[in-house]
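Source file work_3.txt; content: compact mmCIF, C-alpha atoms and all ligand atoms.
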# COMPACT_ATOMS: atom_id res chain seq x y z
CA MET A 1 30.72 56.36 33.16
CA ALA A 2 32.62 53.26 34.32
CA ASP A 3 32.44 52.01 37.92
CA LEU A 4 36.11 51.11 37.99
CA VAL A 5 39.20 51.20 35.81
CA VAL A 6 41.31 48.10 35.24
CA ALA A 7 44.85 48.56 33.85
CA GLY A 8 45.99 45.45 31.97
CA ALA A 9 44.09 42.73 30.14
CA GLY A 10 46.06 39.67 31.23
CA MET A 11 44.88 37.07 33.68
CA ALA A 12 44.54 39.40 36.68
CA GLY A 13 42.89 42.31 34.89
CA LEU A 14 40.46 40.18 32.93
CA ALA A 15 39.53 38.10 36.00
CA ALA A 16 38.90 41.35 37.88
CA ALA A 17 36.80 42.83 35.07
CA ALA A 18 34.81 39.62 34.56
CA GLU A 19 34.09 39.46 38.29
CA ALA A 20 33.03 43.12 38.26
CA ARG A 21 30.61 42.39 35.39
CA ARG A 22 29.22 39.40 37.28
CA LEU A 23 28.45 41.79 40.13
CA GLY A 24 26.60 44.10 37.76
CA ALA A 25 29.27 46.78 37.48
CA GLU A 26 30.70 48.43 34.38
CA PRO A 27 34.52 48.09 34.29
CA LEU A 28 36.72 49.99 31.84
CA VAL A 29 39.62 47.71 30.87
CA LEU A 30 42.66 49.35 29.28
CA GLU A 31 45.33 47.29 27.52
CA LYS A 32 48.63 48.75 26.41
CA LEU A 33 49.24 46.22 23.61
CA SER A 34 47.18 45.66 20.50
CA ARG A 35 45.93 42.29 21.75
CA PRO A 36 44.55 41.10 25.07
CA GLY A 37 45.98 38.27 27.15
CA GLY A 38 49.46 39.51 28.14
CA SER A 39 51.79 36.72 29.21
CA MET A 40 48.79 34.54 30.00
CA ARG A 41 48.20 34.10 26.27
CA LEU A 42 51.83 32.97 25.77
CA SER A 43 51.86 30.67 28.80
CA SER A 44 51.42 26.92 29.24
CA GLY A 45 48.06 27.74 30.81
CA VAL A 46 48.55 25.57 33.90
CA VAL A 47 46.71 27.13 36.84
CA TRP A 48 47.97 25.29 39.91
CA ARG A 49 48.57 25.23 43.64
CA HIS A 50 50.64 23.10 45.96
CA ARG A 51 48.67 20.06 47.16
CA GLU A 52 49.62 20.84 50.75
CA LEU A 53 49.40 24.27 52.30
CA GLU A 54 52.32 23.52 54.61
CA ARG A 55 54.56 22.75 51.66
CA PHE A 56 53.51 25.97 49.90
CA LEU A 57 54.26 28.02 53.02
CA ALA A 58 57.60 26.28 53.52
CA GLU A 59 58.72 26.64 49.88
CA CYS A 60 57.65 30.28 49.61
CA SER A 61 58.80 31.11 53.12
CA ASP A 62 59.30 34.87 52.65
CA GLY A 63 55.73 35.44 51.42
CA ASP A 64 52.77 36.97 53.27
CA GLU A 65 51.01 34.03 54.89
CA ARG A 66 47.59 35.75 54.84
CA LEU A 67 47.76 36.07 51.06
CA GLN A 68 49.13 32.56 50.62
CA ARG A 69 46.31 31.04 52.69
CA LEU A 70 43.69 32.95 50.69
CA LEU A 71 45.19 31.74 47.41
CA PHE A 72 45.23 28.16 48.62
CA GLU A 73 41.65 28.29 49.92
CA ARG A 74 40.08 30.11 46.95
CA LEU A 75 41.80 28.62 43.93
CA ASP A 76 39.74 25.50 43.31
CA GLU A 77 36.48 27.44 43.36
CA ASP A 78 37.95 30.13 41.12
CA MET A 79 39.10 27.54 38.58
CA GLY A 80 35.53 26.21 38.52
CA TRP A 81 34.34 29.75 37.81
CA LEU A 82 36.81 30.00 34.89
CA GLU A 83 35.38 26.82 33.45
CA SER A 84 31.85 28.17 33.89
CA LEU A 85 32.86 31.11 31.64
CA GLY A 86 33.63 28.61 28.87
CA ALA A 87 37.44 28.48 29.20
CA LEU A 88 38.64 25.37 27.40
CA VAL A 89 40.21 22.75 29.67
CA LEU A 90 43.02 20.65 28.17
CA GLU A 91 43.99 18.58 31.22
CA ARG A 92 42.87 18.21 34.80
CA GLU A 93 46.31 17.56 36.20
CA THR A 94 49.68 19.25 36.30
CA GLY A 95 51.91 16.20 35.80
CA ASN A 96 53.60 17.04 39.12
CA PRO A 97 52.64 14.97 42.20
CA LEU A 98 53.35 17.96 44.48
CA THR A 99 50.76 20.18 42.81
CA SER A 100 47.15 20.07 41.66
CA GLY A 101 45.53 22.19 38.99
CA THR A 102 44.11 22.50 35.50
CA ARG A 103 45.71 23.19 32.15
CA PHE A 104 43.61 25.60 30.10
CA ASP A 105 44.05 26.42 26.44
CA PRO A 106 45.66 29.91 26.79
CA ALA A 107 43.97 31.43 23.72
CA GLY A 108 40.57 29.98 24.67
CA LEU A 109 41.04 31.16 28.24
CA THR A 110 41.82 34.69 27.06
CA ASP A 111 38.82 34.78 24.72
CA ALA A 112 36.41 33.52 27.40
CA LEU A 113 37.66 36.11 29.88
CA VAL A 114 37.52 38.99 27.38
CA GLU A 115 33.93 38.14 26.64
CA ALA A 116 33.01 37.89 30.32
CA ALA A 117 34.80 41.19 30.95
CA GLY A 118 32.61 42.87 28.34
CA GLY A 119 35.50 43.86 26.06
CA VAL A 120 38.84 45.64 26.30
CA ARG A 121 40.15 48.98 25.03
CA LEU A 122 43.34 48.04 23.17
CA ASP A 123 46.45 50.19 22.49
CA ASP A 124 45.54 52.29 25.49
CA ALA A 125 48.03 52.35 28.38
CA LEU A 126 47.05 53.71 31.77
CA LEU A 127 49.85 56.02 32.87
CA GLU A 128 48.40 57.69 35.96
CA PRO A 129 45.63 56.96 38.47
CA ALA A 130 42.06 57.75 37.41
CA ALA A 131 40.52 60.41 39.63
CA ASP A 132 37.57 59.54 41.92
CA ILE A 133 37.14 56.04 40.59
CA PRO A 134 38.61 52.82 41.98
CA LEU A 135 41.64 51.57 40.06
CA ILE A 136 42.85 48.00 39.71
CA LEU A 137 46.49 47.69 38.69
CA ALA A 138 47.05 44.47 36.73
CA THR A 139 49.91 45.42 34.42
CA GLY A 140 51.93 42.22 34.89
CA GLY A 141 54.94 43.43 36.89
CA PHE A 142 58.19 44.81 35.48
CA GLY A 143 59.83 41.85 33.74
CA ALA A 144 59.89 43.67 30.40
CA SER A 145 61.78 46.70 31.76
CA ARG A 146 65.55 46.24 31.53
CA GLU A 147 65.97 49.41 33.54
CA LEU A 148 63.87 48.17 36.48
CA LEU A 149 65.41 44.69 36.29
CA ARG A 150 68.85 46.31 36.49
CA LYS A 151 67.77 48.45 39.42
CA HIS A 152 66.00 45.77 41.47
CA VAL A 153 67.23 42.38 40.28
CA THR A 154 70.56 42.03 38.49
CA PRO A 155 73.31 44.04 36.79
CA GLU A 156 73.19 41.39 34.04
CA ALA A 157 69.64 42.40 33.05
CA ASP A 158 70.72 43.69 29.63
CA HIS A 159 71.89 40.20 28.66
CA ALA A 160 68.74 38.35 29.78
CA PHE A 161 66.12 37.16 27.33
CA LEU A 162 62.52 38.36 27.69
CA ARG A 163 60.39 35.22 27.88
CA ALA A 164 57.11 37.11 28.26
CA ALA A 165 54.80 39.61 26.63
CA PRO A 166 56.53 42.99 26.10
CA GLY A 167 53.98 45.26 27.79
CA SER A 168 54.87 44.65 31.44
CA THR A 169 57.36 47.45 31.98
CA GLY A 170 56.46 48.37 35.56
CA ASP A 171 53.64 50.88 35.01
CA GLY A 172 51.62 49.36 37.85
CA LEU A 173 54.54 49.55 40.24
CA ARG A 174 55.22 53.18 39.35
CA ILE A 175 51.56 54.25 39.55
CA GLY A 176 51.03 52.34 42.81
CA LEU A 177 54.10 53.87 44.47
CA ALA A 178 53.02 57.35 43.35
CA ALA A 179 49.63 56.71 44.96
CA GLY A 180 51.28 55.89 48.28
CA ALA A 181 51.66 52.10 48.09
CA ALA A 182 54.67 50.27 49.52
CA THR A 183 56.74 47.55 47.92
CA SER A 184 56.47 43.91 48.98
CA ALA A 185 59.33 41.70 50.07
CA GLY A 186 61.32 40.00 47.33
CA LEU A 187 61.42 42.81 44.77
CA ASP A 188 64.64 41.20 43.52
CA GLN A 189 63.01 37.86 42.74
CA VAL A 190 62.05 36.70 39.29
CA TYR A 191 60.57 33.58 37.75
CA ALA A 192 62.74 32.69 34.77
CA ARG A 193 63.59 29.70 32.62
CA ALA A 194 66.84 28.79 30.89
CA MET A 195 66.43 29.30 27.14
CA PRO A 196 68.66 28.52 24.14
CA ALA A 197 71.38 31.21 24.01
CA PRO A 198 71.96 33.50 21.01
CA PRO A 199 72.26 33.20 18.08
CA ALA A 200 69.13 31.08 18.70
CA ARG A 201 65.99 32.59 17.22
CA ILE A 202 62.96 32.27 19.46
CA CYS A 203 59.49 33.49 18.55
CA GLU A 204 56.58 33.96 20.96
CA GLU A 205 54.98 30.65 20.01
CA ASP A 206 58.16 28.83 21.07
CA LEU A 207 58.59 30.26 24.56
CA VAL A 208 57.20 27.11 26.18
CA ARG A 209 58.61 24.53 23.75
CA LEU A 210 62.19 25.81 23.83
CA SER A 211 62.61 26.11 27.61
CA GLN A 212 65.56 24.07 28.90
CA LEU A 213 64.16 22.54 32.06
CA TYR A 214 66.68 19.84 33.00
CA ALA A 215 69.23 21.46 35.31
CA ARG A 216 68.58 18.60 37.77
CA HIS A 217 70.08 16.18 35.22
CA ALA A 218 72.93 18.46 34.18
CA ASP A 219 76.27 19.77 35.29
CA VAL A 220 75.49 23.50 35.38
CA THR A 221 78.35 26.01 35.10
CA ASN A 222 78.80 29.71 34.43
CA GLU A 223 81.29 31.40 32.09
CA ARG A 224 84.04 31.07 34.73
CA GLY A 225 83.41 27.35 35.09
CA GLU A 226 81.82 27.74 38.54
CA ARG A 227 79.18 25.09 39.24
CA TYR A 228 75.65 25.35 40.54
CA GLU A 229 73.57 22.44 41.76
CA ALA A 230 69.78 22.62 41.30
CA ALA A 231 68.04 22.54 44.69
CA THR A 232 64.30 22.81 43.90
CA TRP A 233 61.83 20.82 41.78
CA SER A 234 60.76 24.00 39.93
CA GLU A 235 64.42 24.95 39.27
CA ILE A 236 63.51 28.49 40.35
CA ASP A 237 66.77 28.58 42.28
CA VAL A 238 68.74 27.82 39.09
CA ALA A 239 66.97 30.66 37.31
CA GLN A 240 67.62 33.14 40.13
CA TRP A 241 71.30 32.11 40.13
CA GLN A 242 71.66 32.23 36.34
CA LEU A 243 70.19 35.72 36.07
CA ARG A 244 73.05 37.00 38.21
CA GLN A 245 75.88 35.24 36.34
CA PRO A 246 78.04 36.97 33.69
CA GLY A 247 75.93 37.51 30.58
CA ALA A 248 73.00 35.72 32.33
CA ARG A 249 74.52 32.62 30.73
CA ALA A 250 74.85 29.02 31.93
CA TRP A 251 76.09 25.86 30.26
CA PHE A 252 74.05 22.70 30.83
CA ALA A 253 76.17 19.56 30.28
CA VAL A 254 74.23 16.30 30.31
CA PRO A 255 75.91 12.87 30.32
CA ALA A 256 74.81 10.65 27.43
CA GLU A 257 73.13 8.13 29.74
CA ARG A 258 70.75 10.81 31.07
CA LEU A 259 69.52 12.16 27.74
CA GLY A 260 66.51 9.83 27.93
CA GLU A 261 65.36 11.17 31.33
CA ARG A 262 61.92 12.73 31.10
CA VAL A 263 60.78 16.07 32.50
CA ARG A 264 57.01 16.02 32.16
CA GLU A 265 56.19 15.16 28.54
CA ARG A 266 59.69 15.73 27.04
CA SER A 267 63.03 13.95 27.31
CA VAL A 268 66.19 15.89 28.11
CA GLY A 269 67.61 14.92 24.72
CA GLU A 270 64.55 16.34 22.93
CA MET A 271 64.90 19.66 24.76
CA MET A 272 68.59 19.86 23.80
CA ASP A 273 67.82 18.96 20.17
CA ALA A 274 65.21 21.72 20.09
CA ALA A 275 67.80 24.22 21.37
CA GLU A 276 70.22 23.18 18.65
CA GLU A 277 67.56 23.43 15.93
CA ALA A 278 66.73 26.95 17.15
CA GLY A 279 70.39 27.91 16.63
CA ALA A 280 71.89 27.83 20.14
CA PRO A 281 75.54 26.88 20.59
CA VAL A 282 75.50 23.12 21.31
CA ARG A 283 78.57 20.87 21.67
CA ARG A 284 78.25 17.12 21.22
CA GLU A 285 81.16 15.32 22.88
CA GLU A 286 81.68 11.59 23.15
CA ASP A 287 79.93 11.22 26.50
CA HIS A 288 78.17 14.61 26.97
CA VAL A 289 75.93 17.11 25.23
CA ILE A 290 76.44 20.73 26.29
CA VAL A 291 73.95 23.55 25.58
CA GLU A 292 74.63 27.24 26.17
CA THR A 293 71.57 28.85 27.77
CA VAL A 294 70.46 32.37 28.68
CA ALA A 295 68.11 33.24 31.53
CA GLY A 296 64.65 33.98 30.14
CA VAL A 297 62.80 36.42 32.41
CA THR A 298 59.19 35.25 32.59
CA THR A 299 57.65 37.31 35.38
CA THR A 300 58.74 39.33 38.37
CA LEU A 301 57.72 37.91 41.76
CA GLY A 302 57.95 41.03 43.90
CA GLY A 303 55.77 44.10 43.45
CA LEU A 304 53.38 46.25 45.42
CA ALA A 305 52.44 45.23 48.96
CA ILE A 306 48.72 44.41 49.25
CA ASP A 307 46.38 43.34 52.05
CA GLU A 308 43.77 40.54 51.95
CA HIS A 309 41.51 42.83 49.91
CA ALA A 310 44.24 43.43 47.32
CA LEU A 311 44.39 47.05 48.51
CA ALA A 312 47.72 48.76 47.80
CA ALA A 313 46.87 52.43 48.48
CA PRO A 314 43.61 54.37 49.02
CA GLY A 315 41.35 53.53 46.07
CA VAL A 316 44.14 51.58 44.36
CA PHE A 317 44.15 47.78 44.20
CA ALA A 318 46.87 45.53 42.76
CA CYS A 319 46.80 41.95 41.57
CA GLY A 320 48.68 39.45 39.44
CA ALA A 321 52.37 40.18 39.02
CA ASP A 322 51.80 43.80 40.14
CA ALA A 323 51.27 42.41 43.67
CA GLY A 324 54.14 40.77 45.54
CA GLY A 325 54.35 38.64 48.63
CA ILE A 326 52.85 35.41 47.35
CA ALA A 327 55.57 33.29 45.75
CA THR A 328 58.35 35.10 47.62
CA GLY A 329 61.31 32.87 48.40
CA GLY A 330 60.15 30.13 46.03
CA TYR A 331 57.76 29.63 43.16
CA ALA A 332 53.99 29.39 42.87
CA SER A 333 51.59 29.67 39.94
CA GLY A 334 51.42 33.23 38.66
CA LEU A 335 48.20 32.48 36.83
CA ALA A 336 46.61 31.20 40.04
CA ALA A 337 47.58 34.30 42.04
CA ALA A 338 46.36 36.55 39.22
CA LEU A 339 43.01 34.76 39.07
CA VAL A 340 42.32 34.71 42.79
CA PHE A 341 43.52 38.24 43.58
CA GLY A 342 41.98 39.67 40.43
CA ARG A 343 38.57 38.55 41.64
CA ILE A 344 39.28 39.69 45.19
CA ALA A 345 40.37 43.13 43.93
CA ALA A 346 37.15 43.57 41.96
CA ARG A 347 34.94 42.69 44.91
CA ALA A 348 36.86 44.99 47.23
CA ALA A 349 36.89 47.86 44.70
CA LEU A 350 33.10 47.61 44.42
CA GLY A 351 32.59 47.40 48.19
CA GLU A 352 31.35 43.81 48.05
CA ALA A 353 32.06 41.14 50.64
CA PRO A 354 35.39 39.39 50.05
C1 LIG B 401 56.03 31.22 28.26
C2 LIG B 401 55.31 31.37 29.58
C3 LIG B 401 54.78 30.24 30.22
C4 LIG B 401 54.09 30.39 31.43
N1 LIG B 401 53.48 29.29 31.98
C5 LIG B 401 52.78 29.44 33.11
C6 LIG B 401 52.01 28.35 33.65
O1 LIG B 401 51.88 27.28 33.04
N2 LIG B 401 51.38 28.54 34.83
C7 LIG B 401 51.44 29.72 35.51
O2 LIG B 401 50.84 29.83 36.57
N3 LIG B 401 52.08 30.79 35.00
C8 LIG B 401 52.73 30.67 33.81
N4 LIG B 401 53.35 31.77 33.28
C9 LIG B 401 53.30 33.05 34.01
C10 LIG B 401 51.94 33.73 33.82
O3 LIG B 401 51.70 33.91 32.45
C11 LIG B 401 51.92 35.06 34.57
O4 LIG B 401 52.24 34.84 35.91
C12 LIG B 401 50.53 35.71 34.49
O5 LIG B 401 50.16 35.92 33.15
C13 LIG B 401 50.49 37.01 35.28
O6 LIG B 401 49.24 37.61 35.09
P1 LIG B 401 49.10 39.20 35.05
O7 LIG B 401 47.68 39.51 34.77
O8 LIG B 401 49.75 39.75 36.25
O9 LIG B 401 50.02 39.62 33.81
P2 LIG B 401 49.76 39.43 32.24
O10 LIG B 401 48.95 38.21 32.02
O11 LIG B 401 51.08 39.49 31.55
O12 LIG B 401 48.91 40.72 31.82
C14 LIG B 401 49.38 42.04 32.06
C15 LIG B 401 48.84 42.92 30.95
O13 LIG B 401 48.94 44.29 31.33
C16 LIG B 401 49.27 45.05 30.16
N5 LIG B 401 49.81 46.37 30.56
C17 LIG B 401 51.04 46.68 31.01
N6 LIG B 401 51.12 47.98 31.33
C18 LIG B 401 49.90 48.52 31.08
C19 LIG B 401 49.34 49.83 31.20
N7 LIG B 401 50.06 50.86 31.69
N8 LIG B 401 48.06 50.04 30.83
C20 LIG B 401 47.31 49.01 30.32
N9 LIG B 401 47.80 47.76 30.18
C21 LIG B 401 49.06 47.49 30.57
C22 LIG B 401 50.27 44.16 29.47
O14 LIG B 401 50.44 44.54 28.12
C23 LIG B 401 49.62 42.79 29.65
O15 LIG B 401 48.72 42.51 28.59
C24 LIG B 401 53.99 31.67 32.04
C25 LIG B 401 54.47 32.79 31.38
C26 LIG B 401 55.10 32.65 30.15
C27 LIG B 401 55.57 33.89 29.43

Just dump the structure as structure tokens.
Amino acid sequence: MADLVVAGAGMAGLAAAAEARRLGAEPLVLEKLSRPGGSMRLSSGVVWRHRELERFLAECSDGDERLQRLLFERLDEDMGWLESLGALVLERETGNPLTSGTRFDPAGLTDALVEAAGGVRLDDALLEPAADIPLILATGGFGASRELLRKHVTPEADHAFLRAAPGSTGDGLRIGLAAGAATSAGLDQVYARAMPAPPARICEEDLVRLSQLYARHADVTNERGERYEAATWSEIDVAQWQLRQPGARAWFAVPAERLGERVRERSVGEMMDAAEEAGAPVRREEDHVIVETVAGVTTTLGGLAIDEHALAAPGVFACGADAGGIATGGYASGLAAALVFGRIAARAALGEAP
């Protein structure tokens, strides 16, 4: 008989299960898909935090400060713990002076966590709370549910592209609410990236490579020709805007002299070339290149309300994208929140000190 049930084998669920094992408990981890890892396995693997707490709190100003402080304080130690499990580190920096963190190999990270968790039961979705046994909801939010995106985020949801694993259809939210949990602030907020528009063909392996992250260098317009100016370094504001435009579309026009600008390891021109090669509509004019993009929903930012022990309802804990209130109003690392609150949820579920 298991000591606790964990729904979801992505970053949050596996971190929770591995922590439970470390404490000597026997977790039962259920995963809806036929492979573990969720969106974590498809991600860039950068686990990060803002370098300064004040900046984090200011950028994510609608979040729950108690949760944000915990994330900031715990993350570095938790990343050390990940490394101690054998997760392969690719880089010890984020390439962004405002943030610090570590880039892990996503497949290696998943494998190390699965082993530390003691295995996962695949193709087995949790659909209702387990009786008399603590439950950790770690199902990755509702980004893969067009219905819930339409209800909570945007009427244009049907036109958006899913830039994430397909299993996160809001099961955690539904089960948590049925158990008496409340929703967090910011249920309408989503982390998304502009992606090459149809007829572009994009496979899972290309979700990172094909993202069009250069709105700051572009003239961004919607179908009606209305302009939007990027206001944040993460371009989360562009994504939130684009998701609500007709067809979730935006056109990024870059003047020729800015094609050489670099965003992390890629130039703007390289990102636009990649979009064209994938099949997106691209126009090359004398002094501009213009790419048609579609908003690619990556993860929802709102979810169940939790306290500092990741408790959402009696006996029910939530972590990762199932828990809201952390990046609300801005953007923060989803992998970091999943790691820290996954471990916190396991300790609380087993009655251990936080
Ligand atoms: C292309 C891409 C790049 C990204 N890059 C980064 C990055 O560099 N840094 C960063 O911080 N974040 C990044 N992210 C976001 C990050 O991957 C997520 O924030 C993180 O994975 C959330 O963790 P989670 O455990 O909540 O969800 P997931 O890791 O997605 O795991 C949830 C799991 O739950 C399963 N599940 C759903 N319903 C059920 C059910 N009823 N029963 C059982 N299982 C269920 C799902 O199938 C899934 O496997 C990226 C995401 C993508 C897609």

Q: Could the residues that lie within 6 Å of ligand LIG 401 (chain B), counting only C-alpha atoms and all ligand atoms, be listed as a ChimeraX atom specification?
A: /A:7-13,30-33,36-40,42-47,125-127,138-140,163-164,167-168,171,207-208,298-299,320-322,333-336,338

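For the choices A:Thr169, A:Arg224, A:Ala231, A:Pro255, the atom-to-atom distance to Glu147 in chain A is smallest for A:Thr169 when using only C-alpha atoms.
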
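Counting only C-alpha atoms, Gly342 in chain A has the following residues at most 6 Å away, ignoring those fewer than 2 positions along the same chain: A:Ala12, A:Ala15, A:Ala16, A:Cys319, A:Ala338, A:Leu339, A:Val340, A:Ile344, A:Ala345.
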
Q) Using all atoms listed in the file, which of A:Gly24, A:Gly172, A:Gly108, A:Gly186 sits nearest Gly329 in chain A? A) A:Gly186

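CA of Ala130 in chain A lies 11.2 Å from CA of Asp3 in chain A.
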
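Note that CA of Tyr214 in chain A and CA of Val289 in chain A are 12.4 Å apart.
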
Q) Could you state the separation of CA of Ala337 in chain A and CA of Arg121 in chain A in Å, given to one decimal place? A) 23.7 Å
